[in-house]
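Engineer: Contents of final.pdb (PDB, C-alpha atoms, pLDDT in the B column):
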```
ATOM      1  CA  MET G  91       0.000   0.000   0.000  1.00 44.00           C
ATOM      2  CA  GLU G  92       2.775   2.378   0.897  1.00 44.00           C
ATOM      3  CA  LEU G  93       4.534   1.479  -2.340  1.00 45.00           C
ATOM      4  CA  ASP G  94       1.428   2.323  -4.373  1.00 52.00           C
ATOM      5  CA  GLU G  95       1.026   5.663  -2.578  1.00 52.00           C
ATOM      6  CA  LEU G  96       4.698   6.448  -3.126  1.00 43.00           C
ATOM      7  CA  LYS G  97       4.338   5.596  -6.822  1.00 48.00           C
ATOM      8  CA  LYS G  98       1.283   7.832  -7.127  1.00 51.00           C
ATOM      9  CA  SER G  99       3.093  10.715  -5.372  1.00 50.00           C
ATOM     10  CA  TRP G 100       6.100  10.279  -7.644  1.00 48.00           C
ATOM     11  CA  ASN G 101       3.932  10.300 -10.769  1.00 54.00           C
ATOM     12  CA  ALA G 102       2.091  13.401  -9.544  1.00 58.00           C
ATOM     13  CA  LEU G 103       5.398  15.167  -8.903  1.00 47.00           C
ATOM     14  CA  ASP G 104       6.688  14.116 -12.322  1.00 54.00           C
ATOM     15  CA  GLU G 105       3.600  15.535 -14.015  1.00 60.00           C
ATOM     16  CA  GLN G 106       3.971  18.780 -12.069  1.00 54.00           C
ATOM     17  CA  LEU G 107       7.602  19.111 -13.088  1.00 48.00           C
ATOM     18  CA  LYS G 108       6.643  18.585 -16.728  1.00 55.00           C
ATOM     19  CA  LYS G 109       4.140  21.435 -16.491  1.00 53.00           C
ATOM     20  CA  GLU G 110       6.504  23.915 -14.802  1.00 51.00           C
ATOM     21  CA  PRO G 111       8.650  24.752 -17.872  1.00 51.00           C
ATOM     22  CA  ILE G 112       5.448  25.547 -19.835  1.00 47.00           C
ATOM     23  CA  ALA G 113       4.275  27.879 -17.077  1.00 45.00           C
ATOM     24  CA  ASP G 114       7.732  29.475 -16.958  1.00 58.00           C
ATOM     25  CA  GLU G 115       7.762  30.019 -20.717  1.00 63.00           C
ATOM     26  CA  LYS G 116       4.356  31.666 -20.610  1.00 67.00           C
ATOM     27  CA  GLN G 117       5.422  33.841 -17.702  1.00 67.00           C
ATOM     28  CA  ILE G 118       8.646  34.859 -19.435  1.00 62.00           C
ATOM     29  CA  ALA G 119       6.772  35.648 -22.650  1.00 66.00           C
ATOM     30  CA  GLY G 120       4.339  37.785 -20.676  1.00 69.00           C
ATOM     31  CA  MET G 121       7.178  39.643 -18.970  1.00 67.00           C
ATOM     32  CA  ILE G 122       8.908  40.274 -22.291  1.00 66.00           C
ATOM     33  CA  ALA G 123       5.685  41.603 -23.803  1.00 70.00           C
ATOM     34  CA  GLU G 124       5.137  43.879 -20.794  1.00 71.00           C
ATOM     35  CA  TYR G 125       8.671  45.312 -20.851  1.00 64.00           C
ATOM     36  CA  LYS G 126       8.480  45.890 -24.598  1.00 71.00           C
ATOM     37  CA  ALA G 127       5.109  47.609 -24.241  1.00 75.00           C
ATOM     38  CA  ASN G 128       6.443  49.886 -21.485  1.00 73.00           C
ATOM     39  CA  ALA G 129       9.552  50.754 -23.496  1.00 74.00           C
ATOM     40  CA  ARG G 130       7.453  51.375 -26.612  1.00 77.00           C
ATOM     41  CA  LYS G 131       5.147  53.676 -24.643  1.00 79.00           C
ATOM     42  CA  SER G 132       8.088  55.725 -23.309  1.00 77.00           C
ATOM     43  CA  ILE G 133       9.593  55.957 -26.796  1.00 78.00           C
ATOM     44  CA  GLY G 134       6.229  57.161 -28.095  1.00 80.00           C
ATOM     45  CA  ARG G 135       6.158  59.896 -25.475  1.00 80.00           C
ATOM     46  CA  LEU G 136       9.680  60.992 -26.400  1.00 80.00           C
ATOM     47  CA  THR G 137       8.761  61.231 -30.084  1.00 84.00           C
ATOM     48  CA  GLY G 138       5.693  63.240 -29.055  1.00 84.00           C
ATOM     49  CA  TRP G 139       7.878  65.715 -27.191  1.00 82.00           C
ATOM     50  CA  GLN G 140      10.228  65.938 -30.174  1.00 85.00           C
ATOM     51  CA  ARG G 141       7.312  66.744 -32.511  1.00 89.00           C
ATOM     52  CA  PHE G 142       6.052  69.335 -30.032  1.00 87.00           C
ATOM     53  CA  SER G 143       9.509  70.932 -29.865  1.00 86.00           C
ATOM     54  CA  ILE G 144       9.752  71.080 -33.661  1.00 90.00           C
ATOM     55  CA  GLY G 145       6.301  72.673 -33.825  1.00 92.00           C
ATOM     56  CA  ILE G 146       7.256  75.311 -31.265  1.00 90.00           C
ATOM     57  CA  GLY G 147      10.412  76.020 -33.265  1.00 89.00           C
ATOM     58  CA  VAL G 148       8.463  76.555 -36.488  1.00 93.00           C
ATOM     59  CA  VAL G 149       6.014  78.904 -34.746  1.00 92.00           C
ATOM     60  CA  GLY G 150       8.955  80.751 -33.204  1.00 89.00           C
ATOM     61  CA  LEU G 151      10.601  81.199 -36.604  1.00 90.00           C
ATOM     62  CA  ALA G 152       7.378  82.608 -38.048  1.00 91.00           C
ATOM     63  CA  LEU G 153       7.150  85.105 -35.181  1.00 89.00           C
ATOM     64  CA  LEU G 154      10.799  86.126 -35.630  1.00 87.00           C
ATOM     65  CA  LEU G 155      10.159  86.688 -39.341  1.00 88.00           C
ATOM     66  CA  VAL G 156       7.249  88.996 -38.533  1.00 86.00           C
ATOM     67  CA  ILE G 157       9.400  90.936 -36.040  1.00 83.00           C
ATOM     68  CA  TRP G 158      12.142  91.246 -38.666  1.00 84.00           C
ATOM     69  CA  LEU G 159       9.876  92.370 -41.505  1.00 82.00           C
ATOM     70  CA  LEU G 160       7.304  94.402 -39.565  1.00 79.00           C
ATOM     71  CA  PRO G 161       8.983  95.925 -36.494  1.00 76.00           C
ATOM     72  CA  SER G 162       6.370  98.690 -36.378  1.00 75.00           C
ATOM     73  CA  ILE G 163       3.716  96.155 -35.299  1.00 76.00           C
ATOM     74  CA  PHE G 164       5.660  95.631 -32.080  1.00 70.00           C
ATOM     75  CA  GLN G 165       6.342  99.366 -31.751  1.00 72.00           C
ATOM     76  CA  ILE G 166      10.083  98.923 -32.174  1.00 72.00           C
ATOM     77  CA  THR G 167      11.674 102.296 -32.831  1.00 73.00           C
ATOM     78  CA  GLU G 168      14.558 102.842 -35.257  1.00 74.00           C
ATOM     79  CA  GLU G 169      16.894 103.319 -32.308  1.00 75.00           C
ATOM     80  CA  TRP G 170      16.089  99.818 -31.012  1.00 77.00           C
ATOM     81  CA  GLN G 171      15.964  98.055 -34.368  1.00 77.00           C
ATOM     82  CA  PRO G 172      19.729  97.239 -34.719  1.00 82.00           C
ATOM     83  CA  LYS G 173      19.803  95.621 -31.263  1.00 81.00           C
ATOM     84  CA  ILE G 174      16.537  93.764 -31.779  1.00 82.00           C
ATOM     85  CA  LYS G 175      17.698  92.510 -35.182  1.00 85.00           C
ATOM     86  CA  THR G 176      20.925  91.209 -33.626  1.00 85.00           C
ATOM     87  CA  LEU G 177      18.882  89.296 -31.052  1.00 85.00           C
ATOM     88  CA  VAL G 178      16.474  88.042 -33.745  1.00 87.00           C
ATOM     89  CA  ILE G 179      19.345  86.770 -35.899  1.00 89.00           C
ATOM     90  CA  PHE G 180      20.879  84.923 -32.943  1.00 89.00           C
ATOM     91  CA  VAL G 181      17.582  83.354 -31.892  1.00 88.00           C
ATOM     92  CA  GLY G 182      16.646  82.551 -35.504  1.00 90.00           C
ATOM     93  CA  ILE G 183      19.881  80.709 -36.252  1.00 92.00           C
ATOM     94  CA  SER G 184      19.632  78.914 -32.897  1.00 91.00           C
ATOM     95  CA  THR G 185      16.049  77.889 -33.658  1.00 90.00           C
ATOM     96  CA  LEU G 186      16.988  76.494 -37.073  1.00 94.00           C
ATOM     97  CA  ILE G 187      19.783  74.448 -35.492  1.00 92.00           C
ATOM     98  CA  GLY G 188      17.368  73.317 -32.769  1.00 90.00           C
ATOM     99  CA  ILE G 189      14.759  72.193 -35.315  1.00 92.00           C
ATOM    100  CA  TRP G 190      17.404  70.230 -37.246  1.00 94.00           C
ATOM    101  CA  TRP G 191      18.630  68.603 -34.023  1.00 90.00           C
ATOM    102  CA  ASP G 192      15.137  67.713 -32.831  1.00 89.00           C
ATOM    103  CA  HIS G 193      14.223  66.289 -36.240  1.00 92.00           C
ATOM    104  CA  LYS G 194      17.390  64.163 -36.224  1.00 90.00           C
ATOM    105  CA  ASN G 195      16.576  62.840 -32.749  1.00 87.00           C
ATOM    106  CA  TYR G 196      12.932  62.298 -33.689  1.00 89.00           C
ATOM    107  CA  ARG G 197      13.885  60.140 -36.663  1.00 89.00           C
ATOM    108  CA  TRP G 198      16.389  58.196 -34.558  1.00 86.00           C
ATOM    109  CA  ILE G 199      13.841  57.428 -31.835  1.00 83.00           C
ATOM    110  CA  ARG G 200      11.035  56.698 -34.295  1.00 85.00           C
ATOM    111  CA  ASN G 201      13.242  54.228 -36.176  1.00 85.00           C
ATOM    112  CA  THR G 202      14.054  52.363 -32.962  1.00 81.00           C
ATOM    113  CA  LYS G 203      11.711  49.407 -33.380  1.00 80.00           C
ATOM    114  CA  ILE G 204      11.247  47.532 -30.129  1.00 75.00           C
ATOM    115  CA  GLU G 205       9.354  44.669 -31.767  1.00 74.00           C
ATOM    116  CA  GLU G 206      11.672  44.222 -34.747  1.00 76.00           C
ATOM    117  CA  MET G 207      15.178  44.898 -33.459  1.00 74.00           C
ATOM    118  CA  PRO G 208      17.283  42.719 -31.161  1.00 78.00           C
ATOM    119  CA  VAL G 209      17.340  43.953 -27.576  1.00 73.00           C
ATOM    120  CA  ALA G 210      21.085  44.684 -27.794  1.00 76.00           C
ATOM    121  CA  ILE G 211      20.569  46.987 -30.807  1.00 79.00           C
ATOM    122  CA  VAL G 212      17.722  48.842 -29.094  1.00 76.00           C
ATOM    123  CA  SER G 213      19.898  49.249 -26.005  1.00 76.00           C
ATOM    124  CA  LYS G 214      22.771  50.706 -28.069  1.00 81.00           C
ATOM    125  CA  ARG G 215      20.463  53.098 -29.921  1.00 80.00           C
ATOM    126  CA  MET G 216      18.926  54.397 -26.703  1.00 79.00           C
ATOM    127  CA  ALA G 217      22.380  54.716 -25.104  1.00 79.00           C
ATOM    128  CA  SER G 218      23.391  56.890 -28.075  1.00 82.00           C
ATOM    129  CA  PHE G 219      20.274  59.021 -27.651  1.00 81.00           C
ATOM    130  CA  ARG G 220      20.979  59.365 -23.935  1.00 81.00           C
ATOM    131  CA  ARG G 221      24.512  60.548 -24.739  1.00 82.00           C
ATOM    132  CA  TRP G 222      23.160  63.059 -27.273  1.00 83.00           C
ATOM    133  CA  THR G 223      20.775  64.361 -24.605  1.00 81.00           C
ATOM    134  CA  ARG G 224      23.747  65.159 -22.363  1.00 82.00           C
ATOM    135  CA  TYR G 225      25.359  67.084 -25.232  1.00 84.00           C
ATOM    136  CA  GLU G 226      22.060  68.881 -25.785  1.00 83.00           C
ATOM    137  CA  ILE G 227      21.897  69.987 -22.152  1.00 81.00           C
ATOM    138  CA  ILE G 228      25.454  71.371 -22.353  1.00 83.00           C
ATOM    139  CA  ALA G 229      24.571  73.234 -25.574  1.00 86.00           C
ATOM    140  CA  ILE G 230      21.356  74.602 -24.033  1.00 84.00           C
ATOM    141  CA  ILE G 231      23.244  75.906 -20.997  1.00 82.00           C
ATOM    142  CA  ALA G 232      25.804  77.635 -23.259  1.00 85.00           C
ATOM    143  CA  TRP G 233      22.961  79.062 -25.383  1.00 86.00           C
ATOM    144  CA  VAL G 234      21.117  80.385 -22.317  1.00 84.00           C
ATOM    145  CA  ILE G 235      24.245  82.180 -21.097  1.00 84.00           C
ATOM    146  CA  ILE G 236      24.839  83.844 -24.482  1.00 86.00           C
ATOM    147  CA  PHE G 237      21.154  84.733 -24.877  1.00 85.00           C
ATOM    148  CA  ASN G 238      20.992  86.333 -21.436  1.00 83.00           C
ATOM    149  CA  ILE G 239      24.113  88.383 -22.181  1.00 84.00           C
ATOM    150  CA  LEU G 240      22.595  89.596 -25.464  1.00 85.00           C
ATOM    151  CA  ASN G 241      19.236  90.273 -23.846  1.00 81.00           C
ATOM    152  CA  TYR G 242      20.981  92.152 -21.047  1.00 82.00           C
ATOM    153  CA  TRP G 243      22.634  94.369 -23.619  1.00 82.00           C
ATOM    154  CA  VAL G 244      19.546  94.822 -25.826  1.00 79.00           C
ATOM    155  CA  MET G 245      17.261  95.768 -22.924  1.00 76.00           C
ATOM    156  CA  GLY G 246      19.868  98.079 -21.399  1.00 78.00           C
ATOM    157  CA  TYR G 247      19.770  96.410 -17.990  1.00 76.00           C
ATOM    158  CA  TYR G 248      23.451  97.263 -17.507  1.00 76.00           C
ATOM    159  CA  LYS G 249      22.390 100.884 -17.017  1.00 78.00           C
ATOM    160  CA  ALA G 250      20.307 100.038 -13.940  1.00 75.00           C
ATOM    161  CA  SER G 251      21.531 100.215 -10.357  1.00 81.00           C
ATOM    162  CA  PHE G 252      23.578  97.380  -8.849  1.00 79.00           C
ATOM    163  CA  GLY G 253      20.638  96.138  -6.781  1.00 78.00           C
ATOM    164  CA  VAL G 254      18.324  95.987  -9.791  1.00 77.00           C
ATOM    165  CA  GLN G 255      20.974  94.222 -11.881  1.00 76.00           C
ATOM    166  CA  ALA G 256      21.623  91.653  -9.135  1.00 80.00           C
ATOM    167  CA  THR G 257      17.901  90.986  -8.797  1.00 83.00           C
ATOM    168  CA  LEU G 258      17.464  90.577 -12.558  1.00 77.00           C
ATOM    169  CA  ILE G 259      20.452  88.246 -12.875  1.00 78.00           C
ATOM    170  CA  ALA G 260      19.214  86.110  -9.968  1.00 82.00           C
ATOM    171  CA  PHE G 261      15.740  85.972 -11.514  1.00 81.00           C
ATOM    172  CA  PHE G 262      17.044  84.958 -14.955  1.00 78.00           C
ATOM    173  CA  VAL G 263      19.305  82.273 -13.479  1.00 79.00           C
ATOM    174  CA  LEU G 264      16.484  80.794 -11.379  1.00 84.00           C
ATOM    175  CA  CYS G 265      14.093  80.757 -14.349  1.00 80.00           C
ATOM    176  CA  ASP G 266      16.680  79.144 -16.637  1.00 76.00           C
ATOM    177  CA  VAL G 267      17.605  76.475 -14.094  1.00 77.00           C
ATOM    178  CA  ALA G 268      13.938  75.708 -13.400  1.00 79.00           C
ATOM    179  CA  ILE G 269      13.077  75.377 -17.106  1.00 75.00           C
ATOM    180  CA  ILE G 270      16.081  73.165 -17.911  1.00 74.00           C
ATOM    181  CA  TYR G 271      15.426  71.005 -14.839  1.00 75.00           C
ATOM    182  CA  LEU G 272      11.744  70.515 -15.640  1.00 72.00           C
ATOM    183  CA  LEU G 273      12.280  69.797 -19.334  1.00 69.00           C
ATOM    184  CA  TYR G 274      15.152  67.350 -18.967  1.00 72.00           C
ATOM    185  CA  LYS G 275      14.983  65.894 -15.463  1.00 69.00           C
ATOM    186  CA  LYS G 276      11.206  65.576 -15.221  1.00 63.00           C
ATOM    187  CA  VAL G 277      10.397  64.897 -18.891  1.00 62.00           C
ATOM    188  CA  ALA G 278      13.267  63.631 -21.083  1.00 66.00           C
ATOM    189  CA  TYR G 279      15.239  61.722 -18.461  1.00 65.00           C
ATOM    190  CA  LYS G 280      12.104  60.322 -16.870  1.00 68.00           C
ATOM    191  CA  HIS G 281      11.230  58.544 -20.122  1.00 63.00           C
ATOM    192  CA  LEU G 282      14.868  57.667 -20.813  1.00 70.00           C
ATOM    193  CA  ASN G 283      15.200  56.066 -17.382  1.00 69.00           C
ATOM    194  CA  ASP G 284      11.992  54.093 -17.928  1.00 70.00           C
ATOM    195  CA  ILE G 285      13.276  52.852 -21.280  1.00 70.00           C
ATOM    196  CA  LYS G 286      16.671  51.954 -19.799  1.00 69.00           C
ATOM    197  CA  LYS G 287      15.030  50.008 -16.985  1.00 70.00           C
ATOM    198  CA  ASN G 288      12.788  48.023 -19.347  1.00 64.00           C
ATOM    199  CA  ILE G 289      15.636  47.329 -21.785  1.00 68.00           C
ATOM    200  CA  GLU G 290      17.854  46.077 -18.945  1.00 65.00           C
ATOM    201  CA  GLU G 291      15.072  43.771 -17.788  1.00 63.00           C
ATOM    202  CA  LEU G 292      14.708  42.448 -21.333  1.00 62.00           C
ATOM    203  CA  GLU G 293      18.460  41.882 -21.595  1.00 60.00           C
ATOM    204  CA  ASP G 294      18.440  39.955 -18.328  1.00 61.00           C
ATOM    205  CA  ILE G 295      15.577  37.735 -19.500  1.00 61.00           C
ATOM    206  CA  CYS G 296      17.043  37.124 -22.958  1.00 56.00           C
ATOM    207  CA  THR G 297      20.438  36.109 -21.548  1.00 54.00           C
ATOM    208  CA  GLU G 298      19.025  33.671 -19.020  1.00 53.00           C
TER
END
```
Can you turn what I pasted into structure tokens?

Structural biologist:
Amino acid sequence: MELDELKKSWNALDEQLKKEPIADEKQIAGMIAEYKANARKSIGRLTGWQRFSIGIGVVGLALLLVIWLLPSIFQITEEWQPKIKTLVIFVGISTLIGIWWDHKNYRWIRNTKIEEMPVAIVSKRMASFRRWTRYEIIAIIAWVIIFNILNYWVMGYYKASFGVQATLIAFFVLCDVAIIYLLYKKVAYKHLNDIKKNIEELEDICTE
């Protein structure tokens, strides 16, 4: 009797062990699908932000063109026109470069196919984009410094008292830091970190 019970228990255990790999495969497939979906969603949000940035750039260029051609609409006197045109040229060239850069990044992200590419290739492409984002932040900081210097000169803030100048400089610095922090730390890097996390999880699963 004990032998029969032992045989039955052994057969039951054997059947259970045969089923486990199937359950594991289904679970792994589900995890892979989930990580890919999360990464794809974050990539979609990044491309959305890139399109939004390009749109803002195009609108900005149109506004700069109006300022350049019709300064009277904005009540810009002849005395101010040379300074304003210098600022417009700087911002216009910067905007064109920014649109080109955003379009390049947009195409790179859009062409990163989570479903079609090997995980290693996706990981390398997103690592490249992450590196480009660091370069972009450095360029933005340099641009902000130059723009503030030009704006300081155009608006004649250097003629104000020391207290007013110190207050204005502090205000500009705080605004610039806040904008850069919100755009990159809370938007770009948030999605980049989510993508990195999901890609790393996929790499771990695929190498097991």

Engineer: Measuring between only C-alpha atoms, which one of G:Glu168, G:Ile189, G:Gly182, G:Ala127 shows the shortest distance to Phe142 of chain G?

Structural biologist: G:Ile189

Engineer: Counting all atoms listed in the file, what is within 10 Å of Thr185 of chain G, bar same-chain residues fewer than 4 positions away, as a PyMOL selection string?

Structural biologist: chain G and resi 144+146-148+150-151+154+179-181+189-191

Engineer: Convert the current residue selection to file output with C-alpha atoms, as a JSON list (two decimals), in the coordinates of the input.

Structural biologist:
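selection_31.json, freshly written:
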```
[["chain", "number", "residue", "atom", "x", "y", "z"],
["G", 144, "ILE", "CA", 9.75, 71.08, -33.66],
["G", 146, "ILE", "CA", 7.26, 75.31, -31.26],
["G", 147, "GLY", "CA", 10.41, 76.02, -33.26],
["G", 148, "VAL", "CA", 8.46, 76.56, -36.49],
["G", 150, "GLY", "CA", 8.96, 80.75, -33.20],
["G", 151, "LEU", "CA", 10.60, 81.20, -36.60],
["G", 154, "LEU", "CA", 10.80, 86.13, -35.63],
["G", 179, "ILE", "CA", 19.34, 86.77, -35.90],
["G", 180, "PHE", "CA", 20.88, 84.92, -32.94],
["G", 181, "VAL", "CA", 17.58, 83.35, -31.89],
["G", 189, "ILE", "CA", 14.76, 72.19, -35.32],
["G", 190, "TRP", "CA", 17.40, 70.23, -37.25],
["G", 191, "TRP", "CA", 18.63, 68.60, -34.02]]
```

Engineer: Would you list the contacts of Tyr196 of chain G as a list in words, taking every protein, DNA or RNA residue within 10 Å and counting all atoms listed in the file, but skipping same-chain residues closer than 6 positions in sequence?

Structural biologist: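 The residues satisfying every condition are Ile133, Leu136, Thr137, Gly138, Trp139, Gln140, Arg141, Ile144 and Trp190 of chain G.
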
Engineer: Filtering to C-alpha atoms, could you give me those residues as a tab-separated table (two decimals), in the frame of the given file?

Structural biologist:
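This went into out_4.tsv:
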```tsv
chain	number	residue	atom	x	y	z
G	133	ILE	CA	9.59	55.96	-26.80
G	136	LEU	CA	9.68	60.99	-26.40
G	137	THR	CA	8.76	61.23	-30.08
G	138	GLY	CA	5.69	63.24	-29.06
G	139	TRP	CA	7.88	65.72	-27.19
G	140	GLN	CA	10.23	65.94	-30.17
G	141	ARG	CA	7.31	66.74	-32.51
G	144	ILE	CA	9.75	71.08	-33.66
G	190	TRP	CA	17.40	70.23	-37.25
```

Engineer: Ranking G:Val209, G:Ile183, G:Ile236, G:Ile199 by minimum distance to Gly134 of chain G and counting all atoms listed in the file, which one comes first?

Structural biologist: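 Using all atoms listed in the file, Gly134 of chain G sits closest to G:Ile199.
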
Engineer: Which one of G:Val212, G:Ile270, G:Ile204, G:Ile259 sits closest to Arg130 of chain G if you count all atoms listed in the file?

Structural biologist: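 Of G:Val212, G:Ile270, G:Ile204, G:Ile259, the one nearest Arg130 of chain G, counting all atoms listed in the file, is G:Ile204.
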
Engineer: What is the atom CA of Arg220 of chain G to atom CA of Glu124 of chain G distance in Å?

Structural biologist: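 That distance, rounded to one decimal, is 22.4 Å.
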
Engineer: Return the single residue from G:Val156, G:Ala256, G:Ala129, G:Val263 that is closest to Lys203 of chain G, with distances computed using all atoms listed in the file.

Structural biologist: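 Result for the nearest residue to Lys203 of chain G: G:Ala129.
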
Engineer: Mind giving me the straight-line distance from atom CA of Leu159 of chain G to atom CA of Gln171 of chain G in Å, one decimal?

Structural biologist: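 These atoms are spaced 11.0 Å apart.
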
Engineer: Using all atoms listed in the file, which of G:Leu153, G:Ile227, G:Ile187, G:Val234 sits nearest Leu264 of chain G?

Structural biologist: G:Val234

Engineer: Using all atoms of segment 206-221 of chain G listed in the file and a margin of 8 Å per side, can you give the axis-aligned box centre and edge lengths in Å to one decimal, as JSON?

Structural biologist:
```
{"center_x": 18.1, "center_y": 51.6, "center_z": -29.3, "size_x": 28.8, "size_y": 33.8, "size_z": 26.8}
```

Engineer: Which distance in Å separates atom CA of Val244 of chain G and atom CA of Gly145 of chain G, to one decimal?

Structural biologist: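 That distance, rounded to one decimal, is 27.0 Å.
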
Engineer: Taking into account only C-alpha atoms, which residue in the set G:Glu205, G:Lys126, G:Ile230, G:Gly188 is nearest to Tyr271 of chain G?

Structural biologist: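 For Tyr271 of chain G, the nearest of the candidates is G:Ile230.
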
Engineer: Render segment 184-205 of chain G from the structure in the preceding block as a file of N, CA and C atoms, as a PDB file, in the first residue's frame.

Structural biologist:
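Written out: out22.pdb:
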```pdb
ATOM      1  N   SER G 184      19.714  79.927 -33.949  1.00  0.00           N
ATOM      2  CA  SER G 184      19.632  78.914 -32.897  1.00  0.00           C
ATOM      3  C   SER G 184      18.408  78.025 -33.079  1.00  0.00           C
ATOM      4  N   THR G 185      17.285  78.650 -33.467  1.00  0.00           N
ATOM      5  CA  THR G 185      16.049  77.889 -33.658  1.00  0.00           C
ATOM      6  C   THR G 185      16.159  76.931 -34.828  1.00  0.00           C
ATOM      7  N   LEU G 186      16.787  77.376 -35.918  1.00  0.00           N
ATOM      8  CA  LEU G 186      16.988  76.494 -37.073  1.00  0.00           C
ATOM      9  C   LEU G 186      17.845  75.291 -36.694  1.00  0.00           C
ATOM     10  N   ILE G 187      18.921  75.548 -35.947  1.00  0.00           N
ATOM     11  CA  ILE G 187      19.783  74.448 -35.492  1.00  0.00           C
ATOM     12  C   ILE G 187      18.996  73.515 -34.571  1.00  0.00           C
ATOM     13  N   GLY G 188      18.171  74.116 -33.691  1.00  0.00           N
ATOM     14  CA  GLY G 188      17.368  73.317 -32.769  1.00  0.00           C
ATOM     15  C   GLY G 188      16.362  72.435 -33.495  1.00  0.00           C
ATOM     16  N   ILE G 189      15.723  72.980 -34.539  1.00  0.00           N
ATOM     17  CA  ILE G 189      14.759  72.193 -35.315  1.00  0.00           C
ATOM     18  C   ILE G 189      15.463  71.024 -36.009  1.00  0.00           C
ATOM     19  N   TRP G 190      16.639  71.305 -36.598  1.00  0.00           N
ATOM     20  CA  TRP G 190      17.404  70.230 -37.246  1.00  0.00           C
ATOM     21  C   TRP G 190      17.775  69.142 -36.240  1.00  0.00           C
ATOM     22  N   TRP G 191      18.221  69.552 -35.058  1.00  0.00           N
ATOM     23  CA  TRP G 191      18.630  68.603 -34.023  1.00  0.00           C
ATOM     24  C   TRP G 191      17.440  67.766 -33.538  1.00  0.00           C
ATOM     25  N   ASP G 192      16.322  68.436 -33.298  1.00  0.00           N
ATOM     26  CA  ASP G 192      15.137  67.713 -32.831  1.00  0.00           C
ATOM     27  C   ASP G 192      14.615  66.749 -33.893  1.00  0.00           C
ATOM     28  N   HIS G 193      14.675  67.167 -35.161  1.00  0.00           N
ATOM     29  CA  HIS G 193      14.223  66.289 -36.240  1.00  0.00           C
ATOM     30  C   HIS G 193      15.128  65.067 -36.357  1.00  0.00           C
ATOM     31  N   LYS G 194      16.427  65.279 -36.198  1.00  0.00           N
ATOM     32  CA  LYS G 194      17.390  64.163 -36.224  1.00  0.00           C
ATOM     33  C   LYS G 194      17.090  63.184 -35.092  1.00  0.00           C
ATOM     34  N   ASN G 195      16.880  63.694 -33.893  1.00  0.00           N
ATOM     35  CA  ASN G 195      16.576  62.840 -32.749  1.00  0.00           C
ATOM     36  C   ASN G 195      15.221  62.137 -32.918  1.00  0.00           C
ATOM     37  N   TYR G 196      14.258  62.875 -33.468  1.00  0.00           N
ATOM     38  CA  TYR G 196      12.932  62.298 -33.689  1.00  0.00           C
ATOM     39  C   TYR G 196      13.008  61.093 -34.620  1.00  0.00           C
ATOM     40  N   ARG G 197      13.750  61.246 -35.720  1.00  0.00           N
ATOM     41  CA  ARG G 197      13.885  60.140 -36.663  1.00  0.00           C
ATOM     42  C   ARG G 197      14.620  58.958 -36.033  1.00  0.00           C
ATOM     43  N   TRP G 198      15.617  59.255 -35.214  1.00  0.00           N
ATOM     44  CA  TRP G 198      16.389  58.196 -34.558  1.00  0.00           C
ATOM     45  C   TRP G 198      15.509  57.390 -33.595  1.00  0.00           C
ATOM     46  N   ILE G 199      14.713  58.113 -32.797  1.00  0.00           N
ATOM     47  CA  ILE G 199      13.841  57.428 -31.835  1.00  0.00           C
ATOM     48  C   ILE G 199      12.735  56.673 -32.567  1.00  0.00           C
ATOM     49  N   ARG G 200      12.141  57.319 -33.565  1.00  0.00           N
ATOM     50  CA  ARG G 200      11.035  56.698 -34.295  1.00  0.00           C
ATOM     51  C   ARG G 200      11.482  55.418 -34.983  1.00  0.00           C
ATOM     52  N   ASN G 201      12.724  55.400 -35.470  1.00  0.00           N
ATOM     53  CA  ASN G 201      13.242  54.228 -36.176  1.00  0.00           C
ATOM     54  C   ASN G 201      13.792  53.161 -35.235  1.00  0.00           C
ATOM     55  N   THR G 202      13.667  53.390 -33.933  1.00  0.00           N
ATOM     56  CA  THR G 202      14.054  52.363 -32.962  1.00  0.00           C
ATOM     57  C   THR G 202      12.845  51.464 -32.741  1.00  0.00           C
ATOM     58  N   LYS G 203      12.851  50.315 -33.390  1.00  0.00           N
ATOM     59  CA  LYS G 203      11.711  49.407 -33.380  1.00  0.00           C
ATOM     60  C   LYS G 203      11.891  48.339 -32.299  1.00  0.00           C
ATOM     61  N   ILE G 204      11.145  48.473 -31.236  1.00  0.00           N
ATOM     62  CA  ILE G 204      11.247  47.532 -30.129  1.00  0.00           C
ATOM     63  C   ILE G 204      10.886  46.113 -30.561  1.00  0.00           C
ATOM     64  N   GLU G 205       9.852  45.990 -31.380  1.00  0.00           N
ATOM     65  CA  GLU G 205       9.354  44.669 -31.767  1.00  0.00           C
ATOM     66  C   GLU G 205      10.234  43.993 -32.814  1.00  0.00           C
TER      67      GLU G 205
END
```
